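File shown: input.txt (compact mmCIF, C-alpha atoms).
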```txt
# COMPACT_ATOMS: atom_id res chain seq x y z
CA MET G 1 -15.02 -0.90 -13.35
CA ASP G 2 -18.08 -3.13 -13.43
CA LYS G 3 -21.12 -2.29 -11.28
CA ASP G 4 -21.82 -6.00 -10.85
CA LEU G 5 -18.51 -6.33 -9.04
CA ILE G 6 -19.47 -3.90 -6.29
CA PHE G 7 -21.09 -5.17 -3.09
CA VAL G 8 -22.69 -3.19 -0.28
CA GLN G 9 -23.53 -5.09 2.87
CA ASP G 10 -23.93 -4.41 6.58
CA GLU G 11 -21.73 -7.25 7.73
CA ALA G 12 -19.46 -10.00 6.50
CA GLU G 13 -18.92 -13.32 8.20
CA GLY G 14 -15.16 -13.13 8.02
CA LYS G 15 -12.24 -12.02 5.91
CA TYR G 16 -11.86 -15.21 3.88
CA GLU G 17 -15.62 -15.70 3.53
CA LEU G 18 -15.82 -12.21 2.03
CA LEU G 19 -12.93 -12.85 -0.33
CA GLU G 20 -14.50 -16.13 -1.44
CA GLN G 21 -17.79 -14.35 -2.06
CA MET G 22 -15.99 -11.75 -4.18
CA VAL G 23 -14.08 -14.34 -6.22
CA ASP G 24 -17.28 -16.36 -6.73
CA LYS G 25 -18.93 -13.31 -8.24
CA THR G 26 -16.22 -13.13 -10.92
CA LEU G 27 -16.72 -16.82 -11.57
CA GLY G 28 -20.44 -16.25 -11.97
CA LYS G 29 -19.78 -13.48 -14.47
CA GLY G 30 -17.48 -15.69 -16.47
CA LEU G 31 -14.40 -13.56 -15.85
CA ILE G 32 -12.53 -16.57 -14.50
CA MET G 33 -12.78 -20.27 -15.32
CA THR G 34 -11.91 -21.60 -11.88
CA ARG G 35 -11.78 -20.08 -8.42
CA GLU G 36 -9.24 -22.24 -6.59
CA PRO G 37 -5.90 -20.91 -7.97
CA ILE G 38 -7.07 -17.35 -7.38
CA LEU G 39 -8.27 -18.00 -3.84
CA HIS G 40 -5.05 -19.85 -3.10
CA GLU G 41 -2.95 -16.93 -4.31
CA ILE G 42 -5.00 -14.34 -2.41
CA LYS G 43 -4.91 -16.38 0.81
CA LYS G 44 -1.19 -17.04 0.51
CA ARG G 45 -0.56 -13.31 0.27
CA GLU G 46 -3.08 -12.37 2.93
CA GLU G 47 -1.48 -14.73 5.44
CA LEU G 48 1.79 -12.88 5.05
CA GLU G 49 0.94 -9.33 4.19
CA SER G 50 -1.56 -6.53 4.38
CA THR G 51 -1.76 -3.36 2.34
CA GLY G 52 -2.71 -0.11 4.01
CA VAL G 53 -3.67 3.02 2.23
CA ILE G 54 -5.73 4.66 4.89
CA GLU G 55 -7.41 3.39 8.02
CA GLY G 56 -10.45 1.28 7.28
CA VAL G 57 -9.46 0.32 3.74
CA ALA G 58 -8.00 -3.04 2.69
CA LEU G 59 -6.41 -3.83 -0.64
CA PRO G 60 -6.09 -7.60 -0.96
CA HIS G 61 -4.47 -8.49 -4.24
CA ALA G 62 -2.90 -11.27 -6.20
CA ARG G 63 -1.12 -11.82 -9.45
CA THR G 64 -1.95 -15.04 -11.17
CA GLU G 65 -2.06 -16.57 -14.62
CA ALA G 66 -5.59 -17.74 -13.83
CA VAL G 67 -6.95 -14.38 -15.06
CA LYS G 68 -6.57 -12.88 -18.52
CA ASP G 69 -7.06 -9.24 -17.53
CA LEU G 70 -7.08 -7.18 -14.38
CA ILE G 71 -10.19 -7.61 -12.22
CA LEU G 72 -11.23 -5.02 -9.64
CA GLU G 73 -13.96 -5.68 -7.10
CA ILE G 74 -15.23 -3.49 -4.29
CA SER G 75 -16.98 -4.44 -1.06
CA ILE G 76 -18.41 -2.00 1.43
CA ILE G 77 -19.00 -3.50 4.86
CA LYS G 78 -20.91 -0.89 6.79
CA ASN G 79 -20.36 -2.33 10.27
CA GLY G 80 -16.70 -3.10 9.66
CA LEU G 81 -14.80 -6.37 9.44
CA ASP G 82 -11.76 -7.69 11.24
CA PHE G 83 -9.40 -8.09 8.31
CA GLU G 84 -6.65 -9.47 10.55
CA ALA G 85 -4.49 -6.51 9.64
CA LEU G 86 -1.14 -6.16 11.38
CA ASP G 87 -2.33 -2.88 12.89
CA GLY G 88 -5.42 -4.67 14.22
CA LYS G 89 -7.88 -2.11 12.89
CA PRO G 90 -11.18 -3.14 11.26
CA VAL G 91 -11.93 -2.28 7.64
CA ASN G 92 -15.09 -0.99 5.98
CA ILE G 93 -13.92 -0.87 2.38
CA VAL G 94 -12.23 -3.69 0.48
CA PHE G 95 -10.74 -3.32 -2.99
CA LEU G 96 -9.79 -6.72 -4.38
CA ILE G 97 -7.40 -6.66 -7.32
CA VAL G 98 -6.48 -9.75 -9.28
CA ALA G 99 -4.20 -9.38 -12.27
CA PRO G 100 -2.15 -11.54 -14.61
CA GLU G 101 1.58 -11.77 -13.83
CA ASP G 102 2.53 -9.66 -16.82
CA ALA G 103 0.17 -6.78 -15.99
CA ARG G 104 2.41 -5.27 -13.34
CA LYS G 105 2.33 -1.75 -14.78
CA LYS G 106 -1.44 -1.68 -15.03
CA TYR G 107 -1.69 -3.17 -11.56
CA ILE G 108 0.46 -0.41 -10.07
CA LYS G 109 -1.49 2.28 -11.90
CA VAL G 110 -4.78 0.93 -10.58
CA LEU G 111 -3.38 0.74 -7.06
CA ALA G 112 -2.07 4.28 -7.26
CA ARG G 113 -5.48 5.52 -8.42
CA ILE G 114 -7.29 3.69 -5.66
CA SER G 115 -4.93 4.95 -2.99
CA ARG G 116 -5.22 8.50 -4.33
CA MET G 117 -9.02 8.33 -4.17
CA CYS G 118 -8.95 6.85 -0.69
CA ARG G 119 -6.87 9.74 0.58
CA GLN G 120 -9.37 12.32 -0.67
CA GLU G 121 -11.22 13.87 2.20
CA GLY G 122 -14.69 12.47 2.68
CA PHE G 123 -14.30 9.67 0.11
CA ARG G 124 -14.33 6.89 2.67
CA ASP G 125 -17.34 8.34 4.48
CA LYS G 126 -19.22 8.69 1.21
CA LEU G 127 -18.56 5.08 0.26
CA GLN G 128 -19.50 3.85 3.70
CA SER G 129 -22.83 5.61 3.59
CA ALA G 130 -23.68 4.48 0.05
CA GLU G 131 -26.88 2.47 -0.10
CA ASP G 132 -26.11 0.29 -3.09
CA ALA G 133 -23.62 -0.63 -5.82
CA GLU G 134 -24.99 2.04 -8.15
CA GLU G 135 -24.22 4.77 -5.60
CA VAL G 136 -20.71 3.44 -4.97
CA TYR G 137 -20.12 3.31 -8.72
CA ASN G 138 -21.23 6.91 -9.16
CA ILE G 139 -19.11 8.19 -6.26
CA ILE G 140 -16.03 6.57 -7.75
CA LYS G 141 -16.85 7.63 -11.30
CA ASP G 142 -17.39 11.26 -10.25
CA LEU G 143 -14.15 11.41 -8.32
CA ASP G 144 -12.18 9.65 -11.02
CA SER G 145 -13.35 12.10 -13.66
CA GLU G 146 -12.27 15.17 -11.63
CA MET Z 1 12.09 -7.39 18.61
CA ASP Z 2 8.51 -7.60 17.29
CA ASN Z 3 8.03 -4.81 14.77
CA ILE Z 4 10.41 -3.35 12.21
CA LEU Z 5 9.65 -0.31 10.09
CA LEU Z 6 11.39 0.10 6.76
CA PHE Z 7 11.28 3.66 5.54
CA VAL Z 8 11.45 3.58 1.76
CA ILE Z 9 13.11 6.78 0.66
CA SER Z 10 13.50 6.25 -3.08
CA GLY Z 11 15.58 4.51 -5.65
CA GLU Z 12 15.68 1.03 -7.02
CA LYS Z 13 16.34 -2.02 -4.88
CA ARG Z 14 18.34 -0.89 -1.87
CA SER Z 15 20.38 -2.76 0.70
CA SER Z 16 18.06 -1.55 3.48
CA TRP Z 17 15.23 -3.59 1.95
CA GLU Z 18 17.28 -6.77 2.17
CA ARG Z 19 18.54 -5.88 5.67
CA ALA Z 20 15.04 -5.19 6.98
CA ILE Z 21 13.76 -8.50 5.60
CA GLU Z 22 16.77 -10.38 6.93
CA LEU Z 23 16.23 -8.91 10.44
CA SER Z 24 12.48 -9.53 10.34
CA LYS Z 25 13.12 -13.17 9.48
CA GLN Z 26 15.83 -13.55 12.10
CA PHE Z 27 13.68 -12.08 14.91
CA ASP Z 28 10.37 -13.38 13.57
CA ALA Z 29 9.24 -9.77 13.52
CA ALA Z 30 6.53 -8.12 11.43
CA LEU Z 31 7.86 -5.84 8.72
CA PHE Z 32 6.09 -2.57 7.95
CA ALA Z 33 7.23 -0.68 4.86
CA LEU Z 34 6.32 2.97 4.51
CA TYR Z 35 6.69 5.22 1.48
CA THR Z 36 5.74 8.86 1.89
CA ILE Z 37 4.84 11.45 -0.69
CA ASP Z 38 6.30 14.61 0.75
CA ASP Z 39 3.95 17.43 -0.21
CA GLU Z 40 6.76 19.99 0.11
CA GLN Z 41 8.87 17.96 -2.29
CA VAL Z 42 5.97 17.70 -4.73
CA LYS Z 43 5.63 21.49 -4.77
CA ARG Z 44 9.38 21.97 -5.21
CA ILE Z 45 9.68 19.52 -8.09
CA ALA Z 46 6.60 20.96 -9.80
CA ASN Z 47 8.01 24.47 -9.53
CA LEU Z 48 11.44 23.43 -10.68
CA ARG Z 49 10.21 21.50 -13.71
CA GLY Z 50 7.28 23.76 -14.52
CA ARG Z 51 4.84 20.89 -14.09
CA ASP Z 52 1.46 20.42 -12.50
CA GLU Z 53 1.65 19.37 -8.83
CA ILE Z 54 -0.94 16.65 -9.37
CA ASP Z 55 1.10 15.07 -12.19
CA VAL Z 56 4.23 15.07 -10.02
CA SER Z 57 2.31 13.57 -7.14
CA ILE Z 58 0.82 10.82 -9.34
CA GLU Z 59 4.27 10.00 -10.68
CA MET Z 60 5.68 9.73 -7.14
CA GLU Z 61 2.74 7.62 -6.05
CA GLU Z 62 3.21 5.13 -8.87
CA GLU Z 63 6.91 4.99 -8.11
CA GLY Z 64 6.09 4.39 -4.42
CA TRP Z 65 3.79 1.48 -5.15
CA LYS Z 66 6.39 -0.03 -7.45
CA TYR Z 67 8.93 -0.06 -4.60
CA LEU Z 68 6.43 -1.24 -2.02
CA TYR Z 69 5.31 -4.14 -4.18
CA HIS Z 70 8.87 -5.16 -4.81
CA ILE Z 71 9.44 -5.16 -1.04
CA GLU Z 72 6.23 -7.09 -0.49
CA ASP Z 73 7.29 -9.73 -3.02
CA MET Z 74 10.66 -10.01 -1.29
CA ALA Z 75 8.94 -10.39 2.10
CA ILE Z 76 6.57 -13.07 0.82
CA ASN Z 77 9.42 -15.01 -0.78
CA ASN Z 78 11.19 -14.95 2.57
CA GLU Z 79 8.02 -15.83 4.51
CA VAL Z 80 8.14 -12.58 6.44
CA LYS Z 81 4.83 -11.12 7.60
CA SER Z 82 4.57 -7.65 6.15
CA ALA Z 83 2.32 -4.65 5.65
CA ILE Z 84 2.90 -1.83 3.20
CA PHE Z 85 1.76 1.76 3.53
CA LEU Z 86 1.81 4.74 1.23
CA GLU Z 87 0.92 8.10 2.73
CA GLU Z 88 1.04 11.74 1.79
CA GLY Z 89 2.32 14.44 4.12
CA SER Z 90 5.37 15.33 6.16
CA PRO Z 91 7.73 12.30 6.24
CA ILE Z 92 8.86 13.02 9.81
CA ASN Z 93 5.33 13.35 11.14
CA LEU Z 94 4.22 10.22 9.31
CA LEU Z 95 7.20 8.28 10.60
CA LYS Z 96 6.50 9.36 14.17
CA LYS Z 97 2.84 8.41 13.78
CA HIS Z 98 3.60 4.94 12.39
CA ILE Z 99 6.31 4.28 14.99
CA LYS Z 100 3.90 5.14 17.79
CA ASP Z 101 0.82 3.40 16.33
CA LYS Z 102 2.64 0.21 15.48
CA ASP Z 103 4.92 0.08 18.49
CA ILE Z 104 7.98 -0.08 16.24
CA ASP Z 105 11.18 -1.48 17.78
CA LEU Z 106 13.55 -0.59 14.96
CA LEU Z 107 13.53 1.83 12.06
CA VAL Z 108 15.57 0.90 8.99
CA PHE Z 109 16.41 3.11 6.05
CA ASP Z 110 19.09 3.77 3.49
CA TYR Z 111 21.66 6.46 3.47
CA GLN Z 112 23.00 7.47 0.13
CA LYS Z 113 25.23 10.49 -0.04
CA SER Z 114 23.36 13.00 -2.14
CA SER Z 115 25.00 15.32 -4.58
CA GLY Z 116 23.36 18.23 -2.76
CA GLY Z 117 25.68 17.83 0.25
CA LYS Z 118 24.76 18.57 3.86
CA GLY Z 119 22.25 21.24 2.96
CA SER Z 120 20.20 18.99 0.68
CA LYS Z 121 16.62 18.09 1.50
CA THR Z 122 17.46 14.39 2.01
CA GLU Z 123 20.35 15.21 4.33
CA ARG Z 124 18.11 17.49 6.35
CA MET Z 125 15.42 14.84 6.52
CA ILE Z 126 17.90 12.24 7.77
CA ARG Z 127 19.12 14.61 10.48
CA GLN Z 128 15.52 15.22 11.53
CA ILE Z 129 14.79 11.49 11.63
CA ILE Z 130 17.80 10.89 13.88
CA GLU Z 131 16.79 13.77 16.12
CA TYR Z 132 13.06 13.16 16.44
CA VAL Z 133 12.32 9.49 15.93
CA PRO Z 134 11.70 7.79 19.29
CA CYS Z 135 13.15 4.33 18.55
CA PRO Z 136 16.48 2.73 17.61
CA ILE Z 137 17.51 3.35 14.02
CA LEU Z 138 19.55 1.26 11.64
CA ILE Z 139 20.94 3.25 8.75
CA GLU Z 140 22.07 1.02 5.92
CA LYS Z 141 24.83 2.57 3.94
CA ASP Z 142 23.79 1.94 0.39
CA GLY Z 143 25.90 -0.50 -1.51
CA GLY Z 144 27.85 -1.63 1.54
CA LYS Z 145 27.33 -4.38 4.10
```
Show me the file's structure as structure tokens.
Amino acid sequence: MDKDLIFVQDEAEGKYELLEQMVDKTLGKGLIMTREPILHEIKKREELESTGVIEGVALPHARTEAVKDLILEISIIKNGLDFEALDGKPVNIVFLIVAPEDARKKYIKVLARISRMCRQEGFRDKLQSAEDAEEVYNIIKDLDSE
Amino acid sequence: MDNILLFVISGEKRSSWERAIELSKQFDAALFALYTIDDEQVKRIANLRGRDEIDVSIEMEEEGWKYLYHIEDMAINNEVKSAIFLEEGSPINLLKKHIKDKDIDLLVFDYQKSSGGKGSKTERMIRQIIEYVPCPILIEKDGGK
């Protein structure tokens, strides 16, 4: 997990604007060469599905050959965001996972770890009240090492 | 019919997955897929195999995501709007909660005769589902159409 891929903000303009912002960050860090195939894949999936672990958490994801290794990004939106989920509930925490097609095993392991953390009592509240990326990083690191 | 809930019990690709997707497409309904990690089952397996409960739970969780992502891929390929959920707790209580919260019109799951017979945990769970779930149920007999 990379601290530079964690965002803490009060609000987000919209679901796709947030996802674009997250993908652009990976572009800026040189983790991807081009944003369009990744955004296309994420949007295609998001139009048809949503992944629920616990209320308030979204797990947009995509598998694409446009990335060489799995990328995990985290956004905390303190005031919540309408993520157009089928259950209609807003989200405060977004974990974006983009992985190459052949990294299915790793992808599932990462998902399982995220969902396990999200189900821990108080985890969501801690993340939501974090002030910055450093704090989010430490909360996750501490829990992951338990 | 607007909302269908597929209860993913276990096992590799099952006929209920195809049936639920087929029905969702036919009725233009949203498909919700739910996999539960039964905490009682985790304890039982851990005791039986002399393993740590957390390890058993992690194994079940990874297995659950594997199934859910297979279902999600199937739904996307069929242009069915879907949402997948993995939760830990009592399967019956979680089913009731999801059915109520999501205003489910139909519950779909597989029935596969277990070697444990009528007294087995799965058989008991199926009887409880039939008894307590407040919506129509479609039980797909595994392997048969």
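Among the candidates Z:Asn3, Z:Ser16, Z:Ser10, Z:Gln26, the one nearest to chain G when counting only C-alpha atoms is Z:Asn3.
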- request: Give as number ranges by chain every residue of chain Z that touches chain G within 10 Å, counting all atoms listed in the file.
  value: Z: 3, 30-34, 57-66, 68-69, 72-73, 75-88, 98, 101-103
Residue neighbourhood Ala99 in chain G, 12 Å, all atoms listed in the file, exclusion window fewer than 4 positions, as an MDAnalysis selection string: chainID G and resid 31:32 38 41:42 60:73 103:111
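The space between CA of Lys89 in chain G and CA of Gly56 in chain G spans 7.0 Å.
Atom pair CA of Ala12 in chain G / CA of Ala58 in chain G has a distance of 13.9 Å (rounded to one decimal).
Using all atoms listed in the file for every distance, the candidate list Z:Ile137, Z:Ile92, Z:Leu23, Z:Ile99 yields Z:Ile92 as the residue closest to Arg124 in chain Z.
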**Request:** May I have the protein, DNA and RNA residues with an atom at most 10 Å from (15.1, -1.8, -3.6), counting all atoms listed in the file in the file's coordinates, returned as a PyMOL selection string?
**Result:** chain Z and resi 8-18+66-68+70-71+74+110
As a check of understanding: the span from CA of Lys29 in chain G to CA of Asp82 in chain G is 27.5 Å
Give as a list of chain:residue names every residue, naming chains and numbers as the document does, that has an atom within 9 Å of (-12.1, -3.6, 5.5), counting all atoms listed in the file. G:Lys15, G:Glu55, G:Gly56, G:Val57, G:Ala58, G:Leu59, G:Ser75, G:Ile76, G:Ile77, G:Gly80, G:Leu81, G:Asp82, G:Phe83, G:Lys89, G:Pro90, G:Val91, G:Asn92, G:Ile93, G:Val94, G:Phe95
As an MDAnalysis selection string, please: the residues near Glu53 in chain Z (cut-off 9 Å, all atoms listed in the file, same-chain neighbours under 6 positions excluded). chainID Z and resid 42:47
